[in-house]
Each structure stands twice: as C-alpha cells, then as structure tokens.
>>> print(open('run.cif').read())   # mmCIF, C-alpha atoms
data_upload
loop_
_atom_site.label_atom_id
_atom_site.label_comp_id
_atom_site.auth_asym_id
_atom_site.auth_seq_id
_atom_site.Cartn_x
_atom_site.Cartn_y
_atom_site.Cartn_z
CA MET A 672 197.51 -78.14 197.69
CA MET A 673 193.86 -78.18 198.66
CA HIS A 674 191.12 -80.27 197.08
CA ALA A 675 187.66 -79.09 196.09
CA ALA A 676 186.17 -80.77 199.16
CA ASP A 677 188.35 -78.53 201.36
CA LEU A 678 186.96 -75.35 199.81
CA PRO A 679 185.68 -72.93 202.49
CA MET A 680 181.95 -72.25 202.58
CA TRP A 681 182.46 -68.52 201.96
CA VAL A 682 183.94 -69.46 198.55
CA ALA A 683 181.77 -72.47 197.73
CA LEU A 684 178.47 -70.56 197.92
CA PRO A 685 179.41 -67.69 195.56
CA VAL A 686 181.02 -70.16 193.15
CA ALA A 687 177.88 -72.31 193.11
CA MET A 688 175.63 -69.27 192.67
CA LEU A 689 177.76 -67.88 189.82
CA VAL A 690 177.81 -71.25 188.03
CA LEU A 691 174.04 -71.59 188.42
CA LEU A 692 173.44 -68.02 187.21
CA GLY A 693 175.80 -68.57 184.26
CA ALA A 694 174.06 -71.79 183.29
CA THR A 695 170.65 -70.10 183.52
CA LEU A 696 171.72 -67.15 181.35
CA THR A 697 173.31 -69.43 178.77
CA PHE A 698 170.19 -71.61 178.69
CA THR A 699 168.02 -68.51 178.23
CA GLY A 700 170.15 -67.47 175.26
CA SER A 701 169.81 -70.93 173.78
CA ILE A 702 166.03 -70.83 174.14
CA GLY A 703 166.00 -67.43 172.42
CA LEU A 704 167.92 -68.94 169.50
CA VAL A 705 165.23 -71.58 169.04
CA VAL A 706 162.10 -69.54 169.78
CA LEU A 707 162.66 -66.20 168.03
CA ARG A 708 161.56 -66.00 164.41
CA SER A 709 163.81 -63.85 162.25
CA PHE A 710 167.57 -63.97 161.97
CA TYR A 711 167.89 -60.45 163.32
CA ASP A 712 165.92 -61.36 166.45
CA ARG A 713 167.72 -64.68 166.88
CA VAL A 714 171.23 -63.30 166.64
CA HIS A 715 170.91 -61.17 169.80
CA ALA A 716 169.63 -63.72 172.32
CA PRO A 717 172.54 -66.17 172.17
CA THR A 718 175.10 -63.40 171.93
CA LEU A 719 173.92 -61.55 175.02
CA GLY A 720 172.82 -64.57 177.04
CA THR A 721 175.89 -66.62 176.32
CA THR A 722 178.30 -63.75 176.90
CA LEU A 723 176.80 -63.00 180.30
CA GLY A 724 176.52 -66.69 181.13
CA ILE A 725 180.11 -67.48 180.23
CA GLY A 726 181.19 -64.38 182.13
CA CYS A 727 179.54 -65.70 185.31
CA VAL A 728 181.10 -69.14 184.87
CA LEU A 729 184.52 -67.57 184.30
CA LEU A 730 184.14 -65.45 187.45
CA ALA A 731 183.28 -68.60 189.39
CA SER A 732 186.31 -70.34 187.93
CA ILE A 733 188.60 -67.44 188.82
CA LEU A 734 187.34 -67.44 192.40
CA PHE A 735 187.47 -71.24 192.74
CA PHE A 736 190.99 -71.76 191.41
CA SER A 737 192.42 -68.62 193.00
CA VAL A 738 191.38 -69.89 196.45
CA LEU A 739 192.46 -73.48 195.77
CA GLN A 740 195.88 -72.53 194.43
CA THR A 741 196.33 -69.58 196.87
CA ARG A 742 197.33 -67.30 193.98
CA PHE A 743 195.43 -65.28 191.39
CA VAL A 744 194.69 -67.31 188.27
CA VAL A 745 195.23 -65.39 185.02
CA HIS A 746 194.05 -67.93 182.43
CA GLU A 747 190.37 -67.11 182.92
CA VAL A 748 191.06 -63.38 182.66
CA LEU A 749 192.59 -63.94 179.22
CA ILE A 750 189.60 -66.06 178.17
CA THR A 751 187.28 -63.29 179.35
CA VAL A 752 189.18 -60.64 177.38
CA PHE A 753 189.11 -62.71 174.19
CA MET A 754 185.43 -63.51 174.64
CA VAL A 755 184.44 -59.89 175.28
CA VAL A 756 186.39 -58.75 172.21
CA THR A 757 185.39 -61.46 169.73
CA THR A 758 181.68 -61.96 170.51
CA PRO A 759 180.45 -58.44 169.57
CA VAL A 760 182.67 -58.39 166.48
CA THR A 761 181.25 -61.73 165.34
CA LEU A 762 177.70 -60.49 165.97
CA MET A 763 178.34 -57.34 163.96
CA LEU A 764 179.94 -59.19 161.04
CA LEU A 765 177.15 -61.79 160.85
CA THR A 766 174.46 -59.12 161.03
CA ARG A 767 176.09 -56.90 158.39
CA ALA A 768 176.53 -59.87 156.04
CA ALA A 769 172.87 -60.83 156.45
CA LEU A 770 171.77 -57.22 156.02
CA SER A 771 173.81 -56.88 152.83
CA ARG A 772 172.40 -60.16 151.49
CA ASP A 773 168.82 -59.18 152.32
CA ARG A 774 169.21 -55.74 150.73
CA SER A 775 170.67 -57.21 147.54
CA ASP A 776 167.80 -59.74 147.41
CA GLY A 777 165.25 -56.95 147.88
CA SER A 778 163.83 -58.33 151.12
CA GLY A 779 161.07 -56.26 152.70
CA GLU A 780 162.25 -57.10 156.23
CA VAL A 781 165.13 -54.63 156.24
CA PRO A 782 165.02 -50.85 155.80
CA PRO A 783 166.63 -49.34 152.70
CA ARG A 784 170.13 -47.94 152.91
CA ALA A 785 170.16 -44.45 154.39
CA GLU A 786 171.32 -41.64 152.11
CA ARG A 787 174.36 -39.77 153.34
CA MET A 788 174.08 -36.03 153.71
CA GLU A 789 176.93 -34.05 152.18
CA GLY A 790 178.17 -30.78 153.56
#
>>> encode(input="run.cif", output="structure tokens")
Amino acid sequence: MMHAADLPMWVALPVAMLVLLGATLTFTGSIGLVVLRSFYDRVHAPTLGTTLGIGCVLLASILFFSVLQTRFVVHEVLITVFMVVTTPVTLMLLTRAALSRDRSDGSGEVPPRAERMEG
C-alpha cells in the first residue's frame, strides 16, 4: 500500500487543482448566500456553487484513492449520485414552499399564479 507522499506528480497536480477549484466554487456559493438580498436570489448561489465545488472535490478524491489503492473507488461515485439527485430536489422544494407562502401572504415580490388554459 502506498502513502500520500508516494503519490506520483501526474496525479498530485490534478488532485490539488481539483481540490482548489472545488474550495473556490464552494466559497463563492457561500459568499452568494451572504451577499444576495432576497431568498429567491440566495437559494441559487449555494446550490450551484456547492454542487460544483463538491463535485470537484469528489473527483479529486476518486482520483487520489484510486491511484493509492490501485483499484477504482466506488464510494465517491455513490456520494456524487446522491448529491446530484438530492440537491436540485431540495432546491425545488424550498423554493416552492417559499413561493406558496409568499403568494398566500400577498407578497409583491412574486408573480401571481398563472391561469391554466383549457382545451
């Protein structure tokens, strides 16, 4: 079994770049959460930034541990699948709940419910 210090340079550089990119994207999403004003603006920044950031970190982890263990590591693939499935669903549920609440309160920030056309 190899140690992290024995990692070849052709693996260490992409892993480091992916971790740095992932951290930067996640940090950008966090800043968007703090800086943007309305809930509807704020909900997108962390969702997109964090999803892309965690995706980069998971790719780095897959590469790192696959080379160290000389076999493909599946754990991170499962984490990626669960993250990609649950994050958009959570975003949609939170946004629909807020939209329903704001419409029932009569908030002027949201458009009225669209009428359905029959026929």
>>> closest_residue(input="run.cif", among="A:Ser775, A:Thr697, A:Thr741, A:Thr766", to="Tyr711 (chain A)", atoms="only C-alpha atoms")
A:Thr766
>>> residues_around(input="run.cif", residues="Val748 (chain A)", least_positions_apart="2", cutoff="12 Å", atoms="all atoms listed in the file", output="PyMOL selection string")
chain A and resi 725-726+728-734+737+743-746+750-755
>>> closest_residue(input="run.cif", among="A:Val781, A:Leu765, A:Val682, A:Met688", to="His715 (chain A)", atoms="all atoms listed in the file")
A:Leu765
>>> atom_distance(input="run.cif", atom1="CA of Pro717 (chain A)", atom2="CA of Leu689 (chain A)")
18.5 Å
>>> closest_residue(input="run.cif", among="A:Arg772, A:Thr761, A:Ser778, A:Leu739", to="Ala676 (chain A)", atoms="only C-alpha atoms")
A:Leu739
>>> closest_residue(input="run.cif", among="A:Val714, A:Val738, A:Ala785, A:Leu723", to="Met763 (chain A)", atoms="all atoms listed in the file")
A:Val714
>>> atom_distance(input="run.cif", atom1="CA of Ser709 (chain A)", atom2="CA of Val756 (chain A)")
25.2 Å
>>> closest_residue(input="run.cif", among="A:Phe735, A:Leu704, A:Ala716, A:Thr695", to="Trp681 (chain A)", atoms="all atoms listed in the file")
A:Phe735
>>> atom_distance(input="run.cif", atom1="CA of Leu707 (chain A)", atom2="CA of Cys727 (chain A)")
24.2 Å
>>> axis_aligned_box(input="run.cif", around="region 745-757 of chain A", padding_each_side="8 Å", output="JSON")
{"center_x": 189.8, "center_y": -63.3, "center_z": 177.4, "size_x": 26.8, "size_y": 25.2, "size_z": 31.3}
>>> closest_residue(input="run.cif", among="A:Val705, A:Arg767, A:Asp712, A:Leu692", to="Gly724 (chain A)", atoms="all atoms listed in the file")
A:Leu692
